[in-house]
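Visitor: Structure file my_file_0.cif, mmCIF, C-alpha atoms, is pasted below:
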```cif
data_model
#
loop_
_atom_site.label_atom_id
_atom_site.label_comp_id
_atom_site.auth_asym_id
_atom_site.auth_seq_id
_atom_site.Cartn_x
_atom_site.Cartn_y
_atom_site.Cartn_z
CA MET A 1 0.00 0.00 0.00
CA PRO A 2 1.57 3.34 -1.01
CA GLU A 3 2.36 5.43 2.05
CA LEU A 4 2.25 9.19 2.54
CA PRO A 5 5.54 9.99 0.74
CA GLU A 6 4.42 7.97 -2.29
CA VAL A 7 1.07 9.74 -2.42
CA GLU A 8 2.77 13.12 -2.06
CA THR A 9 5.13 12.18 -4.89
CA VAL A 10 2.13 11.34 -7.07
CA ARG A 11 0.50 14.67 -6.16
CA ARG A 12 3.62 16.60 -7.13
CA GLY A 13 3.86 14.70 -10.39
CA LEU A 14 0.25 15.46 -11.30
CA GLN A 15 0.18 19.06 -10.08
CA PRO A 16 1.82 20.78 -13.09
CA VAL A 17 -0.58 19.08 -15.50
CA LEU A 18 -3.80 19.28 -13.52
CA GLU A 19 -3.82 22.52 -11.52
CA GLY A 20 -5.41 25.29 -13.54
CA ALA A 21 -6.43 22.89 -16.32
CA ARG A 22 -9.96 22.27 -17.56
CA LEU A 23 -11.48 18.82 -17.52
CA ALA A 24 -12.62 18.63 -21.13
CA ARG A 25 -13.92 15.08 -20.71
CA VAL A 26 -13.93 12.44 -17.99
CA GLU A 27 -14.27 8.74 -18.78
CA ALA A 28 -15.22 6.13 -16.19
CA ARG A 29 -14.74 2.86 -18.03
CA ARG A 30 -16.41 0.68 -15.42
CA PRO A 31 -19.11 1.30 -12.79
CA ASP A 32 -16.86 0.85 -9.77
CA LEU A 33 -13.45 0.36 -8.25
CA ARG A 34 -13.40 -0.62 -4.57
CA PHE A 35 -16.65 1.36 -4.31
CA PRO A 36 -19.13 2.41 -7.00
CA PHE A 37 -18.32 5.70 -8.67
CA PRO A 38 -20.45 8.62 -7.41
CA GLU A 39 -23.70 9.32 -9.21
CA LYS A 40 -23.13 11.44 -12.33
CA PHE A 41 -19.38 11.11 -11.80
CA SER A 42 -18.31 12.19 -15.27
CA GLN A 43 -21.01 14.82 -15.72
CA ARG A 44 -20.20 16.64 -12.47
CA LEU A 45 -16.52 16.95 -13.40
CA THR A 46 -16.62 17.56 -17.15
CA GLY A 47 -16.06 21.20 -18.08
CA LYS A 48 -14.78 22.14 -14.64
CA THR A 49 -11.45 23.84 -13.93
CA ILE A 50 -9.17 22.22 -11.37
CA THR A 51 -8.28 24.85 -8.80
CA ALA A 52 -6.03 22.79 -6.52
CA LEU A 53 -4.60 19.32 -6.12
CA GLY A 54 -4.06 18.46 -2.48
CA ARG A 55 -3.30 15.59 -0.16
CA ARG A 56 -4.69 14.59 3.23
CA ALA A 57 -2.89 11.65 4.81
CA LYS A 58 -2.81 9.01 2.03
CA TYR A 59 -5.68 10.56 0.04
CA LEU A 60 -5.41 12.83 -2.99
CA THR A 61 -7.95 15.66 -3.19
CA MET A 62 -8.87 17.36 -6.47
CA HIS A 63 -10.70 20.67 -6.00
CA VAL A 64 -12.72 21.92 -8.97
CA GLN A 65 -14.36 25.28 -9.53
CA ASN A 66 -18.06 25.26 -8.55
CA GLY A 67 -18.04 21.53 -8.10
CA PRO A 68 -17.39 18.69 -5.68
CA VAL A 69 -14.00 17.71 -4.29
CA LEU A 70 -12.74 14.43 -5.72
CA ILE A 71 -11.15 12.18 -3.09
CA CYS A 72 -8.87 9.54 -4.58
CA HIS A 73 -7.10 6.63 -2.92
CA LEU A 74 -4.52 4.58 -4.83
CA GLY A 75 -5.26 1.32 -3.06
CA MET A 76 -2.62 -1.37 -3.46
CA SER A 77 -1.91 -1.14 -7.18
CA GLY A 78 -3.38 2.15 -8.38
CA SER A 79 -1.19 4.60 -10.29
CA PHE A 80 -1.57 7.58 -12.61
CA ARG A 81 -0.05 7.92 -16.06
CA ILE A 82 0.30 11.20 -17.93
CA GLU A 83 0.11 11.21 -21.72
CA THR A 84 0.61 14.40 -23.72
CA GLY A 85 0.11 14.86 -27.45
CA ASP A 86 0.39 11.83 -29.68
CA ASP A 87 3.12 10.23 -27.58
CA SER A 88 1.59 7.39 -25.60
CA GLU A 89 4.88 6.31 -24.07
CA THR A 90 5.37 6.91 -20.38
CA PRO A 91 8.62 8.79 -19.70
CA GLY A 92 10.99 7.68 -16.98
CA VAL A 93 13.18 4.70 -16.25
CA PHE A 94 11.52 2.04 -14.14
CA HIS A 95 12.37 -1.45 -12.96
CA HIS A 96 8.98 -3.15 -12.75
CA GLU A 97 6.84 -2.90 -15.86
CA ARG A 98 3.60 -1.18 -15.02
CA SER A 99 0.30 -2.21 -16.48
CA LYS A 100 -0.60 -0.31 -19.64
CA SER A 101 -3.46 -2.57 -20.61
CA GLU A 102 -6.65 -0.64 -21.31
CA THR A 103 -8.37 -3.33 -19.28
CA HIS A 104 -6.84 -1.68 -16.20
CA ASP A 105 -7.23 1.94 -17.38
CA HIS A 106 -10.40 2.59 -15.42
CA VAL A 107 -10.58 6.40 -15.40
CA VAL A 108 -9.29 8.83 -18.03
CA PHE A 109 -9.21 12.58 -17.43
CA HIS A 110 -8.92 14.52 -20.69
CA VAL A 111 -7.46 17.86 -19.61
CA GLU A 112 -6.67 21.11 -21.38
CA SER A 113 -4.24 23.63 -19.91
CA ALA A 114 -4.76 27.39 -19.97
CA ALA A 115 -2.22 27.48 -22.83
CA GLY A 116 -4.24 24.96 -24.82
CA THR A 117 -2.04 21.92 -24.24
CA ARG A 118 -4.07 18.73 -24.16
CA SER A 119 -3.15 15.74 -22.00
CA ARG A 120 -4.66 12.54 -20.71
CA VAL A 121 -4.27 11.59 -17.07
CA ILE A 122 -5.08 7.91 -16.71
CA PHE A 123 -5.82 6.02 -13.51
CA ASN A 124 -4.73 2.40 -13.85
CA ASP A 125 -5.55 -0.10 -11.12
CA PRO A 126 -5.25 -3.85 -11.84
CA ARG A 127 -6.50 -4.93 -8.40
CA ARG A 128 -9.18 -2.24 -8.15
CA PHE A 129 -8.59 -1.53 -4.45
CA GLY A 130 -8.37 2.19 -5.15
CA PHE A 131 -11.41 4.46 -5.21
CA MET A 132 -12.74 7.87 -6.22
CA LEU A 133 -15.47 9.56 -4.20
CA PHE A 134 -17.04 13.01 -4.03
CA ALA A 135 -16.98 15.31 -1.04
CA GLU A 136 -18.67 18.65 -0.69
CA GLU A 137 -16.76 21.59 0.79
CA PRO A 138 -15.14 21.38 3.22
CA PRO A 139 -13.81 17.91 2.34
CA GLU A 140 -12.66 17.33 5.94
CA THR A 141 -16.27 16.51 6.81
CA HIS A 142 -16.31 13.47 4.50
CA PRO A 143 -16.28 10.14 6.40
CA MET A 144 -12.98 9.16 4.76
CA LEU A 145 -11.25 12.30 6.06
CA ALA A 146 -13.18 13.14 9.22
CA GLY A 147 -11.37 12.08 12.35
CA LEU A 148 -7.90 11.95 10.82
CA GLY A 149 -5.12 13.12 13.10
CA VAL A 150 -2.32 15.63 12.64
CA GLU A 151 -0.14 15.49 9.53
CA PRO A 152 3.43 14.26 10.15
CA THR A 153 4.88 16.99 7.96
CA GLY A 154 5.99 20.53 8.80
CA ASN A 155 6.51 21.65 12.38
CA THR A 156 3.01 21.03 13.73
CA LEU A 157 4.00 17.64 15.11
CA ASP A 158 6.40 18.43 17.95
CA GLY A 159 7.33 16.64 21.14
CA GLU A 160 4.68 18.36 23.21
CA LEU A 161 1.87 17.49 20.82
CA LEU A 162 3.11 13.92 20.41
CA ALA A 163 3.23 13.46 24.18
CA SER A 164 -0.33 14.74 24.51
CA LEU A 165 -1.50 12.23 21.89
CA LEU A 166 0.20 9.31 23.62
CA THR A 167 -0.59 10.16 27.24
CA GLY A 168 -2.05 7.16 29.05
CA ARG A 169 -1.85 4.82 26.06
CA ARG A 170 -0.82 1.30 26.99
CA SER A 171 -0.61 -0.12 23.47
CA PRO A 172 2.81 -0.74 21.90
CA LEU A 173 4.42 2.45 20.65
CA LYS A 174 4.40 1.33 17.03
CA ALA A 175 0.70 0.46 17.15
CA ALA A 176 -0.12 3.89 18.58
CA LEU A 177 1.84 5.65 15.85
CA LEU A 178 -0.10 3.73 13.21
CA ASP A 179 -3.42 4.95 14.63
CA GLN A 180 -4.68 7.32 11.92
CA ARG A 181 -6.83 9.14 14.47
CA LEU A 182 -3.65 10.37 16.15
CA ILE A 183 -1.22 10.93 13.27
CA ALA A 184 -2.59 10.83 9.73
CA GLY A 185 -0.69 9.07 6.99
CA LEU A 186 2.01 7.24 8.95
CA GLY A 187 2.45 3.69 7.69
CA ASN A 188 4.36 0.57 8.58
CA ILE A 189 7.62 1.36 6.77
CA TYR A 190 8.17 4.87 8.04
CA VAL A 191 7.14 4.16 11.62
CA SER A 192 9.84 1.46 11.78
CA GLU A 193 12.39 3.86 10.33
CA ALA A 194 11.41 6.75 12.61
CA LEU A 195 11.57 4.60 15.74
CA TRP A 196 15.07 3.46 14.79
CA ARG A 197 16.20 7.05 14.27
CA ALA A 198 14.76 7.98 17.65
CA GLY A 199 16.33 4.98 19.40
CA LEU A 200 12.97 3.82 20.76
CA SER A 201 11.65 0.27 20.81
CA PRO A 202 8.44 -0.39 18.87
CA LEU A 203 7.46 -2.79 21.66
CA ARG A 204 7.51 -0.33 24.54
CA GLU A 205 4.30 1.06 25.98
CA ALA A 206 3.31 4.20 24.07
CA GLY A 207 2.51 6.24 27.17
CA THR A 208 6.05 5.86 28.56
CA ILE A 209 7.30 8.74 26.42
CA ALA A 210 4.48 10.97 27.63
CA LYS A 211 5.19 10.77 31.36
CA PRO A 212 6.35 13.77 33.42
CA GLY A 213 10.07 14.30 33.57
CA LYS A 214 13.02 15.34 31.46
CA LYS A 215 13.75 11.89 30.01
CA ALA A 216 10.27 11.34 28.59
CA LYS A 217 10.20 14.89 27.24
CA GLU A 218 13.48 14.28 25.41
CA GLN A 219 12.16 11.00 24.03
CA SER A 220 8.93 12.51 22.71
CA GLU A 221 10.78 15.41 21.10
CA ARG A 222 13.34 13.07 19.54
CA LEU A 223 10.59 10.86 18.13
CA ALA A 224 8.64 13.80 16.73
CA GLN A 225 11.76 15.07 14.99
CA SER A 226 12.51 11.58 13.65
CA ILE A 227 9.00 11.20 12.24
CA ARG A 228 9.19 14.54 10.48
CA SER A 229 12.69 13.90 9.12
CA VAL A 230 12.03 10.40 7.81
CA ILE A 231 8.88 11.57 6.00
CA SER A 232 10.72 14.61 4.61
CA ASP A 233 13.66 12.48 3.43
CA ALA A 234 11.34 9.95 1.79
CA ILE A 235 9.42 12.66 -0.06
CA ALA A 236 12.69 14.22 -1.24
CA ALA A 237 13.82 10.80 -2.49
CA GLY A 238 10.55 10.24 -4.32
CA GLY A 239 9.09 7.68 -1.95
CA SER A 240 9.72 3.96 -1.61
CA SER A 241 8.81 1.62 -4.43
CA LEU A 242 7.60 -1.69 -3.13
CA ARG A 243 5.77 -4.20 -5.33
CA ASP A 244 3.30 -2.33 -7.58
CA TYR A 245 4.06 1.28 -6.71
CA VAL A 246 5.39 3.60 -9.42
CA HIS A 247 5.49 7.37 -9.87
CA THR A 248 3.24 9.23 -12.28
CA ASP A 249 6.08 9.17 -14.84
CA GLY A 250 6.59 5.44 -14.45
CA SER A 251 9.83 5.67 -12.48
CA LEU A 252 10.50 4.10 -9.11
CA GLY A 253 11.22 5.88 -5.86
CA TYR A 254 14.60 5.32 -4.26
CA PHE A 255 14.14 5.81 -0.52
CA GLN A 256 14.17 2.03 -0.07
CA HIS A 257 17.92 2.16 -0.69
CA SER A 258 18.19 4.23 2.50
CA PHE A 259 16.21 1.92 4.77
CA ALA A 260 18.02 1.44 8.05
CA VAL A 261 15.86 -1.36 9.43
CA TYR A 262 12.86 -2.09 7.22
CA ASP A 263 13.20 -5.47 5.46
CA ARG A 264 16.80 -5.82 6.72
CA GLU A 265 16.33 -8.73 9.13
CA GLY A 266 19.64 -10.24 10.22
CA GLU A 267 21.78 -7.38 8.93
CA PRO A 268 24.08 -5.38 11.24
CA CYS A 269 22.50 -2.27 12.71
CA PRO A 270 23.82 0.72 10.73
CA LYS A 271 24.02 2.96 13.82
CA PRO A 272 27.73 3.66 14.48
CA GLY A 273 29.05 1.78 17.50
CA CYS A 274 25.83 -0.17 18.09
CA GLY A 275 27.00 -3.68 17.28
CA GLY A 276 23.46 -5.08 17.21
CA HIS A 277 21.49 -6.73 14.42
CA ILE A 278 18.12 -6.01 12.87
CA GLU A 279 15.34 -8.29 14.08
CA ARG A 280 11.85 -8.90 12.76
CA VAL A 281 8.79 -9.37 14.93
CA VAL A 282 5.10 -9.43 14.05
CA GLN A 283 2.79 -6.84 15.62
CA SER A 284 -0.90 -6.91 14.80
CA GLY A 285 -0.18 -9.08 11.78
CA ARG A 286 2.44 -6.74 10.34
CA SER A 287 6.23 -7.00 10.23
CA THR A 288 8.21 -4.76 12.54
CA PHE A 289 11.96 -4.34 12.06
CA TYR A 290 14.15 -2.94 14.83
CA CYS A 291 17.43 -3.27 16.73
CA ARG A 292 16.94 -4.34 20.33
CA THR A 293 20.47 -3.17 21.19
CA CYS A 294 20.03 0.54 20.48
CA GLN A 295 16.23 0.84 20.54
CA ARG A 296 14.97 0.84 24.12
#
```
Is it possible to give me this structure as structure tokens?
Guide:
Amino acid sequence: MPELPEVETVRRGLQPVLEGARLARVEARRPDLRFPFPEKFSQRLTGKTITALGRRAKYLTMHVQNGPVLICHLGMSGSFRIETGDDSETPGVFHHERSKSETHDHVVFHVESAAGTRSRVIFNDPRRFGFMLFAEEPPETHPMLAGLGVEPTGNTLDGELLASLLTGRRSPLKAALLDQRLIAGLGNIYVSEALWRAGLSPLREAGTIAKPGKKAKEQSERLAQSIRSVISDAIAAGGSSLRDYVHTDGSLGYFQHSFAVYDREGEPCPKPGCGGHIERVVQSGRSTFYCRTCQR
């Protein structure tokens, strides 16, 4: 499942083509993806100008003038492809061949820029776990977005706020960080990486870094900084390409080459002077990678 940095990478890839462009035609080539398409899906978007392309957690949001907000989720295998002019080739160098079969091209946005350039933005999803739904303004009231926690980007998430979110929580620290009601968009990969950077065990009780005292305060601040930095680094690197995920231009992200612990079971811990090894445990059915020597 693409995580926040992957979705942000997709947003940035689509933004130059979509923002300010007019939706000349919208094709929905099947009645549903994970959910049925909204009633009058194509009609309500056709002819509208896209005013902004945003992201909330792992959701893309397309704002159109005098129309609904389109909420899009990539699911497990969803990706966008941009085609301009007569060239149907997807630019970029990529390792895993992406699906280009029209069987999996489920939605096609025919867009026209203010300068008159025409493009096609195609949503391809072989497994059909993605979806597109409408929200009225403000989109935060939609059930998919309502109740989401703070974004792990920027400076909003600091040690004080993180401690307040974790106060009294007895669940494992990793499980608490994956709770979308607390922090929106954090996923399995980046939580493991952030905990390693912060030197905190994913198995410890979440509320232990929210207790009174200097030590807990330092731990919560260190973790908040690690979360922000790992997300920022992953976005700068273009995300992590695992299994089906590809960018809008067909290329792969490269943050996976910088993983310290994720999927590195048995390897030496890369922290200088640690001497430990990366271990894998299963928490709530998902793999957790960490070093028990330096993560306490």
Visitor: Calculate how many Å separate atom CA of Thr46 of chain A from atom CA of Arg25 of chain A, rounding to one decimal.
Guide: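 Result for atom CA of Thr46 of chain A versus atom CA of Arg25 of chain A: 5.1 Å, one decimal.
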Visitor: Which one is closest to Lys58 of chain A: A:Gly185, A:Gly20, A:Gly266, A:Gly159? Count all atoms listed in the file.
Guide: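 Closest candidate: A:Gly185.
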Visitor: How far is it from atom CA of Gln295 of chain A to atom CA of Trp196 of chain A, in Å with one decimal?
Guide: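 We find that atom CA of Gln295 of chain A and atom CA of Trp196 of chain A lie 6.4 Å from each other.
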Visitor: Which polymer residues, whether protein, DNA or RNA, lie within 6 Å of the coordinate (-4.0, 14.5, 15.2) when you count all atoms listed in the file? List them as a PyMOL selection string, using the chain letters and numbers from the file.
Guide: chain A and resi 149-150+182-183
Visitor: Show me, as a ChimeraX atom specification, the residues that have an atom within 12 Å of Gln15 of chain A when counting only C-alpha atoms, minus same-chain residues fewer than 2 positions from it.
Guide: /A:8-13,17-21,50-55,60-63,80,82,113,121,248
Visitor: Please produce a file of the residues just selected, as an mmCIF file, in the coordinates of the input, where the atoms kept are C-alpha atoms.
Guide:
```cif
data_model
loop_
_atom_site.group_PDB
_atom_site.id
_atom_site.type_symbol
_atom_site.label_atom_id
_atom_site.label_comp_id
_atom_site.auth_asym_id
_atom_site.auth_seq_id
_atom_site.Cartn_x
_atom_site.Cartn_y
_atom_site.Cartn_z
ATOM 1 C CA GLU A 8 2.770 13.120 -2.060
ATOM 2 C CA THR A 9 5.130 12.180 -4.890
ATOM 3 C CA VAL A 10 2.130 11.340 -7.070
ATOM 4 C CA ARG A 11 0.500 14.670 -6.160
ATOM 5 C CA ARG A 12 3.620 16.600 -7.130
ATOM 6 C CA GLY A 13 3.860 14.700 -10.390
ATOM 7 C CA VAL A 17 -0.580 19.080 -15.500
ATOM 8 C CA LEU A 18 -3.800 19.280 -13.520
ATOM 9 C CA GLU A 19 -3.820 22.520 -11.520
ATOM 10 C CA GLY A 20 -5.410 25.290 -13.540
ATOM 11 C CA ALA A 21 -6.430 22.890 -16.320
ATOM 12 C CA ILE A 50 -9.170 22.220 -11.370
ATOM 13 C CA THR A 51 -8.280 24.850 -8.800
ATOM 14 C CA ALA A 52 -6.030 22.790 -6.520
ATOM 15 C CA LEU A 53 -4.600 19.320 -6.120
ATOM 16 C CA GLY A 54 -4.060 18.460 -2.480
ATOM 17 C CA ARG A 55 -3.300 15.590 -0.160
ATOM 18 C CA LEU A 60 -5.410 12.830 -2.990
ATOM 19 C CA THR A 61 -7.950 15.660 -3.190
ATOM 20 C CA MET A 62 -8.870 17.360 -6.470
ATOM 21 C CA HIS A 63 -10.700 20.670 -6.000
ATOM 22 C CA PHE A 80 -1.570 7.580 -12.610
ATOM 23 C CA ILE A 82 0.300 11.200 -17.930
ATOM 24 C CA SER A 113 -4.240 23.630 -19.910
ATOM 25 C CA VAL A 121 -4.270 11.590 -17.070
ATOM 26 C CA THR A 248 3.240 9.230 -12.280
#
```
Visitor: Name the residues that the PyMOL selection byres ((chain A and resi 287) around 12) pulls out of this structure, and write them as a PyMOL selection string.
Guide: chain A and resi 174-175+187-189+191-192+202+261-265+279-286+288-290
Visitor: Restricting the output to C-alpha atoms, write the selected residues as a tab-separated table (two decimals), in the frame of the given file.
Guide:
```tsv
chain	number	residue	atom	x	y	z
A	174	LYS	CA	4.40	1.33	17.03
A	175	ALA	CA	0.70	0.46	17.15
A	187	GLY	CA	2.45	3.69	7.69
A	188	ASN	CA	4.36	0.57	8.58
A	189	ILE	CA	7.62	1.36	6.77
A	191	VAL	CA	7.14	4.16	11.62
A	192	SER	CA	9.84	1.46	11.78
A	202	PRO	CA	8.44	-0.39	18.87
A	261	VAL	CA	15.86	-1.36	9.43
A	262	TYR	CA	12.86	-2.09	7.22
A	263	ASP	CA	13.20	-5.47	5.46
A	264	ARG	CA	16.80	-5.82	6.72
A	265	GLU	CA	16.33	-8.73	9.13
A	279	GLU	CA	15.34	-8.29	14.08
A	280	ARG	CA	11.85	-8.90	12.76
A	281	VAL	CA	8.79	-9.37	14.93
A	282	VAL	CA	5.10	-9.43	14.05
A	283	GLN	CA	2.79	-6.84	15.62
A	284	SER	CA	-0.90	-6.91	14.80
A	285	GLY	CA	-0.18	-9.08	11.78
A	286	ARG	CA	2.44	-6.74	10.34
A	288	THR	CA	8.21	-4.76	12.54
A	289	PHE	CA	11.96	-4.34	12.06
A	290	TYR	CA	14.15	-2.94	14.83
```
Visitor: What does the distance between atom CA of Pro5 of chain A and atom CA of Gln180 of chain A come to in Å, to one decimal place?
Guide: 15.4 Å
Visitor: List the spatial neighbours of Glu137 of chain A as a list in words - criterion: any atom at most 10 Å away, all atoms listed in the file, same-chain residues fewer than 6 positions off excluded.
Guide: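 Answer for this query is His63, Gly67, Pro68 and Val69 of chain A.
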Visitor: Using the chain letters and numbers from this file, what does the PyMOL selection byres ((chain A and resi 127) around 8) select? Give the answer as a PDB file with C-alpha atoms, in the frame of the given file.
Guide:
```
ATOM      1  CA  MET A  76      -2.620  -1.370  -3.460  1.00  0.00           C
ATOM      2  CA  SER A  77      -1.910  -1.140  -7.180  1.00  0.00           C
ATOM      3  CA  GLY A  78      -3.380   2.150  -8.380  1.00  0.00           C
ATOM      4  CA  ASP A 125      -5.550  -0.100 -11.120  1.00  0.00           C
ATOM      5  CA  PRO A 126      -5.250  -3.850 -11.840  1.00  0.00           C
ATOM      6  CA  ARG A 128      -9.180  -2.240  -8.150  1.00  0.00           C
ATOM      7  CA  PHE A 129      -8.590  -1.530  -4.450  1.00  0.00           C
TER       8      PHE A 129
END
```
Visitor: For Ala224 of chain A, please output as a PyMOL selection string all residues within 7 Å (counting all atoms listed in the file; exclusion window: fewer than 4 positions along the same chain).
Guide: chain A and resi 157-159+162+220+228
Visitor: Take the residues from that selection and put them in a file with C-alpha atoms, as an mmCIF file, in the coordinates of the input.
Guide:
```cif
data_model
loop_
_atom_site.group_PDB
_atom_site.id
_atom_site.type_symbol
_atom_site.label_atom_id
_atom_site.label_comp_id
_atom_site.auth_asym_id
_atom_site.auth_seq_id
_atom_site.Cartn_x
_atom_site.Cartn_y
_atom_site.Cartn_z
ATOM 1 C CA LEU A 157 4.000 17.640 15.110
ATOM 2 C CA ASP A 158 6.400 18.430 17.950
ATOM 3 C CA GLY A 159 7.330 16.640 21.140
ATOM 4 C CA LEU A 162 3.110 13.920 20.410
ATOM 5 C CA SER A 220 8.930 12.510 22.710
ATOM 6 C CA ARG A 228 9.190 14.540 10.480
#
```
Visitor: Have a look at A:Ile71, A:Leu4, A:Ile122, A:Lys214 and name the one nearest to Arg29 of chain A; count all atoms listed in the file.
Guide: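 Result for the nearest residue to Arg29 of chain A: A:Ile122.
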Visitor: Between A:Leu223, A:Leu23, A:Ala184, A:Leu173, which has the minimum distance to Lys48 of chain A (counting all atoms listed in the file)?
Guide: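 Ranked by minimum distance to Lys48 of chain A, first place goes to A:Leu23.
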Visitor: Have a look at A:Phe35, A:Leu195, A:Tyr190, A:Thr208 and name the one nearest to Ala234 of chain A; count all atoms listed in the file.
Guide: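 Of A:Phe35, A:Leu195, A:Tyr190, A:Thr208, the one nearest Ala234 of chain A, counting all atoms listed in the file, is A:Tyr190.
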Visitor: Would you fill out segment 227-238 of chain A with N, CA and C atoms and return it as a compact mmCIF listing (two decimals), in the coordinates of the input?
Guide:
```
# COMPACT_ATOMS: atom_id res chain seq x y z
N ILE A 227 10.15 11.41 13.13
CA ILE A 227 9.00 11.20 12.24
C ILE A 227 9.01 12.23 11.12
N ARG A 228 9.18 13.49 11.49
CA ARG A 228 9.19 14.54 10.48
C ARG A 228 10.34 14.36 9.50
N SER A 229 11.52 14.01 10.00
CA SER A 229 12.69 13.90 9.12
C SER A 229 12.60 12.71 8.19
N VAL A 230 12.09 11.57 8.68
CA VAL A 230 12.03 10.40 7.81
C VAL A 230 10.99 10.61 6.70
N ILE A 231 9.88 11.26 7.02
CA ILE A 231 8.88 11.57 6.00
C ILE A 231 9.45 12.57 4.99
N SER A 232 10.13 13.60 5.48
CA SER A 232 10.72 14.61 4.61
C SER A 232 11.77 13.99 3.69
N ASP A 233 12.62 13.13 4.24
CA ASP A 233 13.66 12.48 3.43
C ASP A 233 13.05 11.58 2.37
N ALA A 234 11.98 10.86 2.74
CA ALA A 234 11.34 9.95 1.79
C ALA A 234 10.67 10.71 0.65
N ILE A 235 10.04 11.85 0.99
CA ILE A 235 9.42 12.66 -0.06
C ILE A 235 10.49 13.20 -1.00
N ALA A 236 11.60 13.68 -0.42
CA ALA A 236 12.69 14.22 -1.24
C ALA A 236 13.28 13.16 -2.16
N ALA A 237 13.27 11.90 -1.69
CA ALA A 237 13.82 10.80 -2.49
C ALA A 237 12.80 10.24 -3.47
N GLY A 238 11.57 10.72 -3.40
CA GLY A 238 10.55 10.24 -4.32
C GLY A 238 9.77 9.06 -3.81
```
